[in-house]
Amino acid sequence: MNLVHRIENWGDTHHPAVIDVLRIALGIFLLLKGIAFMQNTADLKGIIESQDTIEFSSGVLVALVYYVTFAHMVGGIMIALGILTRFSSIIQIPIVLGAVFVNDQLLSPINTQLWFSVVALILLVIFMIIGSGPLSLDRYLGSLSNED
């Protein structure tokens with residue numbers, strides 16, 4: 001059994017149902033962040049453009065803005081429903097990691113956006129390892145296929 005299967009098996013056997021509430025809350029948070037970015041793409045463009053390390057062309061900038069928005073919305077829904085949770089978490093991690101390091105006030109204790117990003121990043125890593133859990137579409141659809 002290779003490493004990925006062992007991690008998946010460990011995550012499936014060590015998953016209390018209470019953690020599913022956190023997964024659902026994280027998914028809803030990411031969905032709402034995606035909706036907020038969609039409603040105000042100018043702010044997201046400003047955040048990305050304010051970084052002095054990389055210069056983006058306008059086409060790449062627009063593609064990046066829509067990728068972040070789409071990934072948060074679709075990934076948030078998938079994480080909340082518990083379908084392809086590990087894959088959705090892997091897609092979200094680079095975005096949230098960027099949100100942590102793009103922040104200007106990295107060590108400010110009252111920077112709530114930073115703390116939300118750090119908590120979201122930690123939860124995404126956890127759900128990438130342990131998966132969706134018992135209250136999920138993955139488990140429900142898996143039980144339907146086992147009845148045949």
# chains A, B, ... in the order shown; residues from 1 in each chain; ligands from 1
call {"tool": "select_by_dssp", "arguments": {"residues": "region 70-146 of chain A", "states": "helix (DSSP H, G or I)", "output": "MDAnalysis selection string"}}
result
chainID A and resid 70:81 85:102 112:130 137:146
call {"tool": "residues_around", "arguments": {"residues": "Leu84 (chain A)", "least_positions_apart": "2", "cutoff": "10 Å", "atoms": "only C-alpha atoms", "output": "list in words"}}
result
Gly75, Met78, Ile79, Leu81, Gly82, Arg86, Phe87, Ser88, Ser89, Met128, Gly131, Ser132, Ser136, Leu137 and Asp138 of chain A
call {"tool": "closest_residue", "arguments": {"among": "A:Trp115, A:Tyr140, A:Phe37, A:Phe127", "to": "Ile93 (chain A)", "atoms": "only C-alpha atoms"}}
result
A:Phe127
call {"tool": "closest_residue", "arguments": {"among": "A:Ile28, A:Ala120, A:Ala71, A:Leu114", "to": "Val102 (chain A)", "atoms": "only C-alpha atoms"}}
result
A:Leu114
call {"tool": "residues_around", "arguments": {"residues": "Val65 (chain A)", "least_positions_apart": "3", "cutoff": "12 Å", "atoms": "only C-alpha atoms", "output": "list in words"}}
result
Gly34, Phe37, Met38, Gln39, Asn40, Thr41, Ala42, Asp43, Leu44, Lys45, Gly46, Ile47, Ile48, Glu49, Phe56, Ser58, Gly59, Val60, Leu61, Val62, Val68, Thr69, Phe70, Ala71, His72 and Ile95 of chain A
call {"tool": "closest_residue", "arguments": {"among": "A:Ile77, A:Val18, A:Leu26, A:Val125", "to": "Ile90 (chain A)", "atoms": "only C-alpha atoms"}}
result
A:Val125
call {"tool": "closest_residue", "arguments": {"among": "A:Met73, A:Ile130, A:Leu141, A:Val4", "to": "Phe29 (chain A)", "atoms": "only C-alpha atoms"}}
result
A:Met73
